[in-house]
Protein chains: 2
Amino acid sequence: MRAEVISVGDEIVSGQIEDSNAAWLSQRLAGLGIPVAAYSAVRDVQTEIERTVKTAAARSDVLIVSGGLGPTHDDVTREAVAAAGGVELVLDPPSLEHIRSFFAQRKAAMPSSNQGQATVPRGSDVLRNATGTAAGFRTVIGGAQVFVLPGVPSEMKLMFENAAVPLLPRDQGTVATRTLKCFGMPEALIAERLRGQVELDGDPKVALLASCGVISVKFTTRADTRKAALERIGPPLAKARRLLGDVVFGEDEDTLEKVVARLLEQQGKRIAVAESCTGGLVCNWLTNVPGISRHLIEGLVTYSNESKARLLGVPEELFTTVGAVSEEVARLMAENVRWRAGADVGVGTTGVAGPSGGSPAKPVGTVHIAVSAAGGTVHQKCALRGARAQIKDRAAKHALNMVRLELLRANPG
Amino acid sequence: MRAEVISVGDEIVSGQIEDSNAAWLSQRLAGLGIPVAAYSAVRDVQTEIERTVKTAAARSDVLIVSGGLGPTHDDVTREAVAAAGGVELVLDPPSLEHIRSFFAQRKAAMPSSNQGQATVPRGSDVLRNATGTAAGFRTVIGGAQVFVLPGVPSEMKLMFENAAVPLLPRDQGTVATRTLKCFGMPEALIAERLRGQVELDGDPKVALLASCGVISVKFTTRADTRKAALERIGPPLAKARRLLGDVVFGEDEDTLEKVVARLLEQQGKRIAVAESCTGGLVCNWLTNVPGISRHLIEGLVTYSNESKARLLGVPEELFTTVGAVSEEVARLMAENVRWRAGADVGVGTTGVAGPSGGSPAKPVGTVHIAVSAAGGTVHQKCALRGARAQIKDRAAKHALNMVRLELLRANPG
């Protein structure tokens, strides 16, 4: 089985946006046992799309095309795929009804330009769009099954899972991947610790991947069944986990905030957060986890000194003696937000996110983080690199990781 | 002139890493007046690379290939490109010397596997690698100039700028793009408002692009100089701006938070934010803007009802009468956070982000937003769709957009 992925859009080819759909589709297809052999991106030009689809269909079993199904004049993927298959576009009445009701629910008239979104190449299977207006479809060109999906990632993913996956050919066993998610140790040190202990080029293949401070150790193998593949991954994964200890914060889809939320749930604890340099990012991540409202009392983004004093009782004189970016202030923030909110765990962050505000003693990237809990208050000083957004990101991750380690310490095993 | 970009690497095609090289190269080439017509990614398979290079070379003037120049057995781009050109690989002695000294500086012996990195297809121009070991090269295949660069982004970029750019064919002036950023009106309605008034398929070409609730109206043209291109874009851009009114929140790299920060700066005002369902996202975005510390006093993520009562003085009985997700609570949050912080502008958000917590009267996606300022308090009720993260995203954008409109009202022009 051979699959290709094609993304359509001027904005992708011109580099104005990075194409996250392609990577997502490749991973999902691999998980379904369908390896992707090539990926292409083409502009919103009907002849270019038609040529690319024809060429790829001639050498593939499965083709996933996304993008160019919108209502505007530069969306021409429908026309191009129909032409590649040598058929005309026909109206799909249920899709038109769906678009009409989409606008009716929003108390708006359907613009005439949206009507084209209900057309598909003759003979196609229609793929319903649960969240948007564009109908997708599956058609057959030159022996390949061609799936055409919207470019909006949320619509594409939902349509792929609900409408495309059930129609995909399946005959090759399956590829399984399991991942250890690590934080707090550089990639090279993680590789060093595994080397000689866990076979990296064997089966399962082991790959290290760094992204925004999180190191993923990925174990991949192929077998007849998912169960068999997972059984082959199990032992080396467990061994790597032992070798890396509490550097491993989770597995697979885990994030630091999901793990923290899970520990709070397991221990029946509540948290309060006081952020300065991270500017609300810790809270924003925590509140991405469904159900966190049972465990997050509040977050204070005390961005100004007056706010640190009024909301957290940080004594004004500290700002002139040790300064707002200091261990003392981070500790007070963590302790007082915990105390005032009546929380089990308190977090404080204060630092210089840049690009200005640095000094020789406290250069940009200097961040103090404190976590207060029943057992006392722990503090960490970080010297982070990068632009403002990256410093915020890494500081927020360190804060969540400190909370995780604190919760593990309070309740080991 | 027609260019294509080809990335080589299993990890790209399998979706394990996103390919940032392609977007970077497309943007740089466009800036040099060389539009990229298509992009492909291929696996580390010699026959696949050879076929892809041959096909692309046959229809292009410039081909940029990156990746697969490393020292290991799965790096086969050199061999594949030489085969596509029908020539053999020959050793380039200066490149070998460079690799030897690279290892000597690190006090290490050169592994024999690195010797292959000093070979190039016969007749190529060698592109020196200032930071790594792999030599790049330019060769000619079927009338196309084929540039082959390393895959490591830092090495690729440096080699492109220093060694490839001087050799690129140049005869076509430059491509310029200007963008109007819009919020609060669906893509189809924006297209409808422009249709007949602004030529969409003319020169400049006009494209609409929706991403996370923000609609970009992009004007692109080509001219001998950047100045001439921008002059051609000017009049239709200004006309579209007039037609769309305050739906346009900014241009080019503007975001809602940058525009809000700019208005606060211009008006010398300070803001305080009280968030419930947006969970810190409004503050997180605002604090991504350098210098916001002069204008953001504080943010309160009053996630629990006890926190809304204690920090913002929301009367407890409201939670049982109208409920926390209500116009009354949103207004009190905005007014009280403004009053308690001594801010000029206060924001309040409260809603049901889901996936649970919805009811027939207040389904998931129900969000109340209020903005309080000297002129009074405005309120908006939104019915948002999508998953939890998307509801937070859209609610936070609506909140920032309401602040923007309020600041514009306070100080028009």
# chains A, B, ... in the order shown; residues from 1 in each chain; ligands from 1
call {"tool": "calpha_fit_rmsd", "arguments": {"fixed": "chain B", "moving": "chain A"}}
result
4.3 Å
call {"tool": "residues_around", "arguments": {"residues": "B:Pro121", "least_positions_apart": "4", "cutoff": "6 Å", "atoms": "only C-alpha atoms", "output": "number ranges by chain"}}
result
B: 82, 88-89
call {"tool": "closest_atom_pairs", "arguments": {"of": "chain B", "to": "chain A", "cutoff": "7 Å", "atoms": "only C-alpha atoms", "output": "CSV"}}
result
residue,atom,partner,partner_atom,distance
B:Val13,CA,A:Ala38,CA,6.0
B:Ser14,CA,A:Ser26,CA,5.1
B:Gly15,CA,A:Ala23,CA,3.6
B:Gln16,CA,A:Ala23,CA,6.8
B:Glu18,CA,A:Ala23,CA,6.2
B:Ala22,CA,A:Gly15,CA,6.9
B:Ala23,CA,A:Gly15,CA,3.6
B:Trp24,CA,A:Gly15,CA,6.2
B:Ser26,CA,A:Ser14,CA,5.1
B:Gln27,CA,A:Gly15,CA,5.4
B:Val36,CA,A:Ser14,CA,6.4
B:Ala37,CA,A:Arg43,CA,6.4
B:Ala38,CA,A:Val42,CA,4.8
B:Tyr39,CA,A:Ala41,CA,4.9
B:Ser40,CA,A:Ser40,CA,4.0
B:Ala41,CA,A:Tyr39,CA,5.0
B:Val42,CA,A:Ala38,CA,4.9
B:Arg43,CA,A:Ala37,CA,6.4
B:Ala188,CA,A:Pro71,CA,6.7
B:Ala207,CA,A:Asp74,CA,6.9
B:Gly279,CA,A:Asn284,CA,5.1
B:Gly280,CA,A:Asn284,CA,4.7
B:Leu281,CA,A:Asn284,CA,5.2
B:Cys283,CA,A:Gly280,CA,5.5
B:Asn284,CA,A:Gly280,CA,4.7
B:Thr287,CA,A:Gly279,CA,5.5
B:Asn288,CA,A:Ala389,CA,6.1
B:Pro290,CA,A:Pro355,CA,6.8
B:Ser293,CA,A:Tyr303,CA,6.5
B:Leu296,CA,A:Tyr303,CA,6.7
B:Ile297,CA,A:Ser304,CA,5.2
B:Glu298,CA,A:Thr302,CA,5.0
B:Gly299,CA,A:Val301,CA,4.6
B:Leu300,CA,A:Leu300,CA,4.7
B:Val301,CA,A:Gly299,CA,4.6
B:Thr302,CA,A:Glu298,CA,4.9
B:Tyr303,CA,A:Glu298,CA,5.2
B:Ser304,CA,A:Ile297,CA,5.2
B:Ser307,CA,A:Glu298,CA,6.2
B:Pro355,CA,A:Pro290,CA,6.7
B:Arg388,CA,A:Asn288,CA,6.9
B:Ala389,CA,A:Asn288,CA,6.1
call {"tool": "write_last_selection", "arguments": {"atoms": "N, CA and C atoms", "output": "compact mmCIF listing (two decimals), in the first residue's frame"}}
result
# COMPACT_ATOMS: atom_id res chain seq x y z
N VAL B 13 8.30 13.22 5.74
CA VAL B 13 7.17 12.56 5.08
C VAL B 13 6.30 11.83 6.09
N SER B 14 6.94 11.26 7.12
CA SER B 14 6.15 10.53 8.11
C SER B 14 5.46 11.45 9.09
N GLY B 15 5.74 12.76 8.99
CA GLY B 15 5.06 13.72 9.86
C GLY B 15 5.67 13.82 11.24
N GLN B 16 6.85 13.20 11.46
CA GLN B 16 7.43 13.29 12.80
C GLN B 16 8.00 14.67 13.08
N GLU B 18 7.75 18.81 11.48
CA GLU B 18 7.21 19.69 10.46
C GLU B 18 8.38 20.34 9.74
N ALA B 22 10.96 24.44 4.06
CA ALA B 22 10.22 24.71 2.83
C ALA B 22 9.58 26.09 2.89
N ALA B 23 8.93 26.40 4.03
CA ALA B 23 8.26 27.70 4.14
C ALA B 23 9.28 28.83 4.09
N TRP B 24 10.41 28.62 4.75
CA TRP B 24 11.45 29.64 4.77
C TRP B 24 11.98 29.88 3.35
N SER B 26 10.51 29.23 0.49
CA SER B 26 9.50 29.84 -0.38
C SER B 26 9.42 31.35 -0.17
N GLN B 27 9.47 31.75 1.11
CA GLN B 27 9.40 33.19 1.39
C GLN B 27 10.62 33.91 0.85
N VAL B 36 7.69 30.33 -6.03
CA VAL B 36 7.71 28.88 -5.90
C VAL B 36 6.35 28.35 -6.33
N ALA B 37 6.34 27.43 -7.28
CA ALA B 37 5.08 26.91 -7.82
C ALA B 37 4.64 25.65 -7.10
N ALA B 38 5.57 24.90 -6.56
CA ALA B 38 5.18 23.65 -5.91
C ALA B 38 6.25 23.21 -4.93
N TYR B 39 5.82 22.40 -3.99
CA TYR B 39 6.71 21.88 -2.96
C TYR B 39 6.47 20.39 -2.85
N SER B 40 7.50 19.62 -2.69
CA SER B 40 7.32 18.19 -2.41
C SER B 40 8.26 17.74 -1.31
N ALA B 41 7.86 16.70 -0.64
CA ALA B 41 8.74 16.02 0.32
C ALA B 41 8.82 14.57 -0.08
N VAL B 42 10.03 14.01 -0.08
CA VAL B 42 10.19 12.60 -0.44
C VAL B 42 11.00 11.90 0.64
N ARG B 43 10.81 10.59 0.70
CA ARG B 43 11.52 9.78 1.68
C ARG B 43 12.98 9.61 1.27
N ALA B 188 -17.09 34.51 3.88
CA ALA B 188 -17.95 34.63 2.70
C ALA B 188 -18.57 36.03 2.62
N ALA B 207 -6.50 37.41 -2.35
CA ALA B 207 -6.86 36.09 -1.81
C ALA B 207 -7.36 36.26 -0.39
N GLY B 279 -9.61 31.58 30.80
CA GLY B 279 -8.57 30.93 31.58
C GLY B 279 -7.17 31.52 31.52
N GLY B 280 -7.03 32.79 31.20
CA GLY B 280 -5.70 33.40 31.17
C GLY B 280 -5.21 33.65 29.74
N LEU B 281 -5.99 33.23 28.77
CA LEU B 281 -5.54 33.37 27.38
C LEU B 281 -5.45 34.83 26.93
N CYS B 283 -4.76 37.42 28.81
CA CYS B 283 -3.53 37.94 29.42
C CYS B 283 -2.30 37.36 28.75
N ASN B 284 -2.34 36.07 28.46
CA ASN B 284 -1.19 35.44 27.82
C ASN B 284 -0.88 36.12 26.49
N THR B 287 0.49 39.67 27.05
CA THR B 287 1.86 39.69 27.56
C THR B 287 2.86 39.13 26.55
N ASN B 288 2.39 38.71 25.38
CA ASN B 288 3.34 38.40 24.30
C ASN B 288 3.85 39.67 23.63
N PRO B 290 5.84 42.96 23.55
CA PRO B 290 6.88 43.65 24.34
C PRO B 290 6.39 45.02 24.79
N SER B 293 3.96 45.79 29.81
CA SER B 293 3.97 45.98 31.27
C SER B 293 3.62 47.42 31.65
N LEU B 296 -0.57 46.97 31.21
CA LEU B 296 -1.35 45.90 31.83
C LEU B 296 -1.09 45.93 33.33
N ILE B 297 -2.09 46.30 34.11
CA ILE B 297 -1.90 46.30 35.57
C ILE B 297 -1.93 44.89 36.09
N GLU B 298 -3.00 44.15 35.73
CA GLU B 298 -3.10 42.79 36.22
C GLU B 298 -4.20 42.03 35.50
N GLY B 299 -4.12 40.73 35.65
CA GLY B 299 -5.18 39.85 35.15
C GLY B 299 -5.59 38.92 36.27
N LEU B 300 -6.88 38.68 36.39
CA LEU B 300 -7.36 37.73 37.40
C LEU B 300 -8.05 36.59 36.68
N VAL B 301 -7.57 35.38 36.90
CA VAL B 301 -8.26 34.22 36.35
C VAL B 301 -9.13 33.67 37.47
N THR B 302 -10.32 34.23 37.57
CA THR B 302 -11.24 33.85 38.66
C THR B 302 -12.04 32.64 38.20
N TYR B 303 -11.38 31.47 38.32
CA TYR B 303 -11.96 30.27 37.72
C TYR B 303 -13.06 29.68 38.58
N SER B 304 -12.95 29.85 39.90
CA SER B 304 -13.99 29.32 40.79
C SER B 304 -14.94 30.45 41.19
N SER B 307 -13.61 32.51 44.00
CA SER B 307 -12.62 33.48 43.56
C SER B 307 -13.29 34.71 42.95
N PRO B 355 -15.73 20.29 27.62
CA PRO B 355 -16.84 19.61 26.94
C PRO B 355 -18.05 19.38 27.82
N ARG B 388 -12.99 22.66 23.25
CA ARG B 388 -12.65 23.55 24.36
C ARG B 388 -11.61 24.61 23.98
N ALA B 389 -10.50 24.18 23.35
CA ALA B 389 -9.43 25.13 23.04
C ALA B 389 -9.91 26.16 22.02
call {"tool": "select_by_dssp", "arguments": {"residues": "stretch 90-204 of chain B", "states": "helix (DSSP H, G or I)", "output": "PyMOL selection string"}}
result
chain B and resi 93-105+112-118+153-167+187-194
call {"tool": "residues_around", "arguments": {"residues": "stretch 400-403 of chain A", "least_positions_apart": "4", "cutoff": "9 Å", "atoms": "only C-alpha atoms", "output": "NGL selection string"}}
result
:A and (183-184 or 249 or 256-257 or 260 or 282 or 286 or 345-347 or 369-372 or 378-380 or 395-396 or 407-408)
call {"tool": "write_last_selection", "arguments": {"atoms": "N, CA and C atoms", "output": "short mmCIF file (atom, residue, chain, number, x, y, z; two decimals), in the first residue's frame"}}
result
data_model
loop_
_atom_site.label_atom_id
_atom_site.label_comp_id
_atom_site.auth_asym_id
_atom_site.auth_seq_id
_atom_site.Cartn_x
_atom_site.Cartn_y
_atom_site.Cartn_z
N PHE A 183 11.01 16.05 30.24
CA PHE A 183 11.29 17.48 30.43
C PHE A 183 12.39 17.63 31.48
N GLY A 184 13.26 18.59 31.24
CA GLY A 184 14.25 18.93 32.25
C GLY A 184 15.63 18.34 32.02
N PHE A 249 7.80 12.66 32.16
CA PHE A 249 6.61 13.18 32.85
C PHE A 249 5.35 12.48 32.38
N LEU A 256 2.50 18.45 30.16
CA LEU A 256 2.76 18.74 31.56
C LEU A 256 1.47 19.14 32.27
N GLU A 257 0.63 19.94 31.60
CA GLU A 257 -0.59 20.40 32.28
C GLU A 257 -1.58 19.25 32.49
N VAL A 260 -0.22 17.34 35.51
CA VAL A 260 -0.48 18.08 36.75
C VAL A 260 -1.95 17.97 37.13
N VAL A 282 0.69 29.79 32.29
CA VAL A 282 0.50 28.61 33.13
C VAL A 282 -1.00 28.33 33.29
N LEU A 286 -3.28 25.19 31.95
CA LEU A 286 -4.06 24.38 32.89
C LEU A 286 -5.54 24.37 32.49
N VAL A 345 -1.68 23.94 46.80
CA VAL A 345 -0.43 24.22 46.10
C VAL A 345 -0.50 25.65 45.56
N GLY A 346 0.61 26.40 45.72
CA GLY A 346 0.70 27.75 45.16
C GLY A 346 1.92 27.83 44.26
N VAL A 347 1.80 28.60 43.18
CA VAL A 347 2.90 28.76 42.23
C VAL A 347 3.17 30.24 42.05
N ILE A 369 11.16 30.84 39.92
CA ILE A 369 9.90 30.11 40.06
C ILE A 369 9.87 29.49 41.44
N ALA A 370 8.73 29.58 42.13
CA ALA A 370 8.57 28.95 43.43
C ALA A 370 7.27 28.17 43.46
N VAL A 371 7.29 27.05 44.19
CA VAL A 371 6.08 26.25 44.39
C VAL A 371 5.95 26.01 45.89
N SER A 372 4.80 26.38 46.43
CA SER A 372 4.55 26.25 47.86
C SER A 372 3.49 25.17 48.10
N VAL A 378 9.58 25.27 47.47
CA VAL A 378 10.80 25.04 46.69
C VAL A 378 10.95 26.17 45.69
N HIS A 379 12.20 26.44 45.30
CA HIS A 379 12.50 27.57 44.41
C HIS A 379 13.50 27.12 43.37
N GLN A 380 13.38 27.66 42.16
CA GLN A 380 14.33 27.38 41.10
C GLN A 380 14.61 28.67 40.34
N ALA A 395 9.56 29.01 30.80
CA ALA A 395 9.34 29.31 32.21
C ALA A 395 8.05 28.64 32.69
N ALA A 396 7.00 28.71 31.86
CA ALA A 396 5.71 28.10 32.25
C ALA A 396 5.87 26.58 32.35
N LEU A 407 4.11 17.40 43.65
CA LEU A 407 2.97 16.50 43.91
C LEU A 407 3.44 15.05 44.01
N LEU A 408 4.43 14.67 43.20
CA LEU A 408 4.98 13.30 43.28
C LEU A 408 5.66 13.07 44.62
#
call {"tool": "residues_around", "arguments": {"residues": "A:Phe319", "least_positions_apart": "5", "cutoff": "10 Å", "atoms": "only C-alpha atoms", "output": "JSON, numbers by chain"}}
result
{"A": [305, 308, 309, 314, 324, 325, 326, 329]}
call {"tool": "atom_distance", "arguments": {"atom1": "atom CA of B:Thr47", "atom2": "atom CA of B:Glu79"}}
result
9.7 Å
call {"tool": "atom_distance", "arguments": {"atom1": "atom CA of B:Met333", "atom2": "atom CA of B:Pro315"}}
result
10.9 Å
call {"tool": "residues_around", "arguments": {"residues": "B:Ala118", "least_positions_apart": "6", "cutoff": "8 Å", "atoms": "only C-alpha atoms", "output": "list of chain:residue names"}}
result
B:Leu91, B:Asp92, B:Pro93, B:Ser95, B:Leu96, B:Ile99, B:Ala134, B:Ala135
call {"tool": "closest_residue", "arguments": {"among": "A:Lys381, A:Leu127, A:His98, A:Met185", "to": "A:Pro166", "atoms": "only C-alpha atoms"}}
result
A:Leu127
call {"tool": "decode", "arguments": {"residues": "stretch 258-373 of chain B", "atoms": "C-alpha atoms", "output": "PDB file, in the first residue's frame"}}
result
ATOM      1  CA  LYS B 258      -0.640  44.052  19.193  1.00  0.00           C
ATOM      2  CA  VAL B 259      -3.341  46.470  18.029  1.00  0.00           C
ATOM      3  CA  VAL B 260      -4.864  46.697  21.521  1.00  0.00           C
ATOM      4  CA  ALA B 261      -1.397  47.317  23.004  1.00  0.00           C
ATOM      5  CA  ARG B 262      -0.765  50.049  20.407  1.00  0.00           C
ATOM      6  CA  LEU B 263      -4.072  51.788  21.171  1.00  0.00           C
ATOM      7  CA  LEU B 264      -3.387  51.641  24.924  1.00  0.00           C
ATOM      8  CA  GLU B 265       0.058  53.136  24.266  1.00  0.00           C
ATOM      9  CA  GLN B 266      -1.349  55.904  22.024  1.00  0.00           C
ATOM     10  CA  GLN B 267      -4.061  56.801  24.519  1.00  0.00           C
ATOM     11  CA  GLY B 268      -1.854  56.390  27.594  1.00  0.00           C
ATOM     12  CA  LYS B 269      -4.335  53.993  29.158  1.00  0.00           C
ATOM     13  CA  ARG B 270      -4.034  50.979  31.446  1.00  0.00           C
ATOM     14  CA  ILE B 271      -6.042  47.765  31.383  1.00  0.00           C
ATOM     15  CA  ALA B 272      -7.032  45.049  33.864  1.00  0.00           C
ATOM     16  CA  VAL B 273      -8.540  41.722  32.855  1.00  0.00           C
ATOM     17  CA  ALA B 274     -10.825  39.294  34.701  1.00  0.00           C
ATOM     18  CA  GLU B 275     -11.101  35.951  32.964  1.00  0.00           C
ATOM     19  CA  SER B 276     -13.117  32.890  33.726  1.00  0.00           C
ATOM     20  CA  CYS B 277     -13.742  30.704  30.667  1.00  0.00           C
ATOM     21  CA  THR B 278     -10.775  32.112  28.709  1.00  0.00           C
ATOM     22  CA  GLY B 279      -8.568  30.926  31.585  1.00  0.00           C
ATOM     23  CA  GLY B 280      -5.701  33.395  31.165  1.00  0.00           C
ATOM     24  CA  LEU B 281      -5.537  33.366  27.377  1.00  0.00           C
ATOM     25  CA  VAL B 282      -6.357  37.075  27.013  1.00  0.00           C
ATOM     26  CA  CYS B 283      -3.533  37.943  29.423  1.00  0.00           C
ATOM     27  CA  ASN B 284      -1.187  35.437  27.821  1.00  0.00           C
ATOM     28  CA  TRP B 285      -1.671  37.049  24.420  1.00  0.00           C
ATOM     29  CA  LEU B 286      -1.365  40.598  25.753  1.00  0.00           C
ATOM     30  CA  THR B 287       1.863  39.694  27.556  1.00  0.00           C
ATOM     31  CA  ASN B 288       3.338  38.398  24.301  1.00  0.00           C
ATOM     32  CA  VAL B 289       3.589  42.050  23.231  1.00  0.00           C
ATOM     33  CA  PRO B 290       6.877  43.646  24.342  1.00  0.00           C
ATOM     34  CA  GLY B 291       6.352  46.721  26.522  1.00  0.00           C
ATOM     35  CA  ILE B 292       2.824  45.753  27.644  1.00  0.00           C
ATOM     36  CA  SER B 293       3.974  45.976  31.270  1.00  0.00           C
ATOM     37  CA  ARG B 294       3.407  49.741  31.044  1.00  0.00           C
ATOM     38  CA  HIS B 295      -0.276  49.168  30.212  1.00  0.00           C
ATOM     39  CA  LEU B 296      -1.355  45.896  31.828  1.00  0.00           C
ATOM     40  CA  ILE B 297      -1.895  46.305  35.570  1.00  0.00           C
ATOM     41  CA  GLU B 298      -3.097  42.792  36.218  1.00  0.00           C
ATOM     42  CA  GLY B 299      -5.175  39.855  35.153  1.00  0.00           C
ATOM     43  CA  LEU B 300      -7.360  37.733  37.397  1.00  0.00           C
ATOM     44  CA  VAL B 301      -8.262  34.223  36.347  1.00  0.00           C
ATOM     45  CA  THR B 302     -11.241  33.850  38.664  1.00  0.00           C
ATOM     46  CA  TYR B 303     -11.959  30.274  37.717  1.00  0.00           C
ATOM     47  CA  SER B 304     -13.993  29.317  40.788  1.00  0.00           C
ATOM     48  CA  ASN B 305     -17.071  31.098  42.088  1.00  0.00           C
ATOM     49  CA  GLU B 306     -15.381  31.679  45.457  1.00  0.00           C
ATOM     50  CA  SER B 307     -12.615  33.479  43.561  1.00  0.00           C
ATOM     51  CA  LYS B 308     -15.105  35.622  41.630  1.00  0.00           C
ATOM     52  CA  ALA B 309     -16.678  36.592  44.969  1.00  0.00           C
ATOM     53  CA  ARG B 310     -13.460  37.174  46.945  1.00  0.00           C
ATOM     54  CA  LEU B 311     -11.351  38.928  44.278  1.00  0.00           C
ATOM     55  CA  LEU B 312     -14.082  40.735  42.341  1.00  0.00           C
ATOM     56  CA  GLY B 313     -16.928  41.175  44.805  1.00  0.00           C
ATOM     57  CA  VAL B 314     -19.448  39.257  42.713  1.00  0.00           C
ATOM     58  CA  PRO B 315     -22.389  38.663  45.123  1.00  0.00           C
ATOM     59  CA  GLU B 316     -22.720  34.942  45.918  1.00  0.00           C
ATOM     60  CA  GLU B 317     -26.490  34.988  45.303  1.00  0.00           C
ATOM     61  CA  LEU B 318     -25.926  35.743  41.598  1.00  0.00           C
ATOM     62  CA  PHE B 319     -24.452  32.264  41.166  1.00  0.00           C
ATOM     63  CA  THR B 320     -27.773  30.703  42.175  1.00  0.00           C
ATOM     64  CA  THR B 321     -30.099  33.245  40.522  1.00  0.00           C
ATOM     65  CA  VAL B 322     -28.627  34.095  37.098  1.00  0.00           C
ATOM     66  CA  GLY B 323     -25.558  31.825  37.347  1.00  0.00           C
ATOM     67  CA  ALA B 324     -21.841  32.499  36.858  1.00  0.00           C
ATOM     68  CA  VAL B 325     -22.273  32.389  33.075  1.00  0.00           C
ATOM     69  CA  SER B 326     -24.433  35.473  32.665  1.00  0.00           C
ATOM     70  CA  GLU B 327     -24.411  39.044  31.453  1.00  0.00           C
ATOM     71  CA  GLU B 328     -24.662  40.288  35.048  1.00  0.00           C
ATOM     72  CA  VAL B 329     -21.528  38.439  36.164  1.00  0.00           C
ATOM     73  CA  ALA B 330     -19.525  39.423  33.049  1.00  0.00           C
ATOM     74  CA  ARG B 331     -20.425  43.093  33.617  1.00  0.00           C
ATOM     75  CA  LEU B 332     -19.522  42.943  37.322  1.00  0.00           C
ATOM     76  CA  MET B 333     -16.223  41.253  36.498  1.00  0.00           C
ATOM     77  CA  ALA B 334     -15.273  43.938  33.961  1.00  0.00           C
ATOM     78  CA  GLU B 335     -16.399  46.830  36.151  1.00  0.00           C
ATOM     79  CA  ASN B 336     -14.920  45.587  39.409  1.00  0.00           C
ATOM     80  CA  VAL B 337     -11.556  44.514  38.025  1.00  0.00           C
ATOM     81  CA  ARG B 338     -11.304  47.974  36.454  1.00  0.00           C
ATOM     82  CA  TRP B 339     -12.338  49.718  39.639  1.00  0.00           C
ATOM     83  CA  ARG B 340     -10.200  47.658  42.032  1.00  0.00           C
ATOM     84  CA  ALA B 341      -7.075  47.910  39.859  1.00  0.00           C
ATOM     85  CA  GLY B 342      -7.622  51.583  39.084  1.00  0.00           C
ATOM     86  CA  ALA B 343      -7.512  50.823  35.369  1.00  0.00           C
ATOM     87  CA  ASP B 344      -8.977  52.767  32.445  1.00  0.00           C
ATOM     88  CA  VAL B 345     -10.353  49.631  30.816  1.00  0.00           C
ATOM     89  CA  GLY B 346     -11.668  46.436  32.412  1.00  0.00           C
ATOM     90  CA  VAL B 347     -12.533  43.167  30.698  1.00  0.00           C
ATOM     91  CA  GLY B 348     -14.633  40.265  31.957  1.00  0.00           C
ATOM     92  CA  THR B 349     -15.215  36.859  30.357  1.00  0.00           C
ATOM     93  CA  THR B 350     -17.410  34.036  31.619  1.00  0.00           C
ATOM     94  CA  GLY B 351     -18.724  31.066  29.676  1.00  0.00           C
ATOM     95  CA  VAL B 352     -18.989  27.335  29.156  1.00  0.00           C
ATOM     96  CA  ALA B 353     -15.819  26.086  27.418  1.00  0.00           C
ATOM     97  CA  GLY B 354     -16.923  22.450  27.576  1.00  0.00           C
ATOM     98  CA  PRO B 355     -16.836  19.614  26.937  1.00  0.00           C
ATOM     99  CA  SER B 356     -19.071  19.266  30.006  1.00  0.00           C
ATOM    100  CA  GLY B 357     -20.923  21.918  31.974  1.00  0.00           C
ATOM    101  CA  GLY B 358     -23.425  22.801  29.245  1.00  0.00           C
ATOM    102  CA  SER B 359     -27.208  22.896  29.702  1.00  0.00           C
ATOM    103  CA  PRO B 360     -30.147  23.484  27.339  1.00  0.00           C
ATOM    104  CA  ALA B 361     -30.293  27.131  28.438  1.00  0.00           C
ATOM    105  CA  LYS B 362     -26.508  27.593  28.359  1.00  0.00           C
ATOM    106  CA  PRO B 363     -25.007  25.117  25.893  1.00  0.00           C
ATOM    107  CA  VAL B 364     -21.237  24.603  25.564  1.00  0.00           C
ATOM    108  CA  GLY B 365     -19.876  27.649  23.749  1.00  0.00           C
ATOM    109  CA  THR B 366     -22.110  30.181  25.526  1.00  0.00           C
ATOM    110  CA  VAL B 367     -19.795  33.052  26.484  1.00  0.00           C
ATOM    111  CA  HIS B 368     -20.555  36.461  27.983  1.00  0.00           C
ATOM    112  CA  ILE B 369     -17.940  39.189  27.524  1.00  0.00           C
ATOM    113  CA  ALA B 370     -18.043  42.704  28.973  1.00  0.00           C
ATOM    114  CA  VAL B 371     -15.717  45.671  28.570  1.00  0.00           C
ATOM    115  CA  SER B 372     -15.904  48.559  31.016  1.00  0.00           C
ATOM    116  CA  ALA B 373     -14.422  52.006  30.341  1.00  0.00           C
TER     117      ALA B 373
END
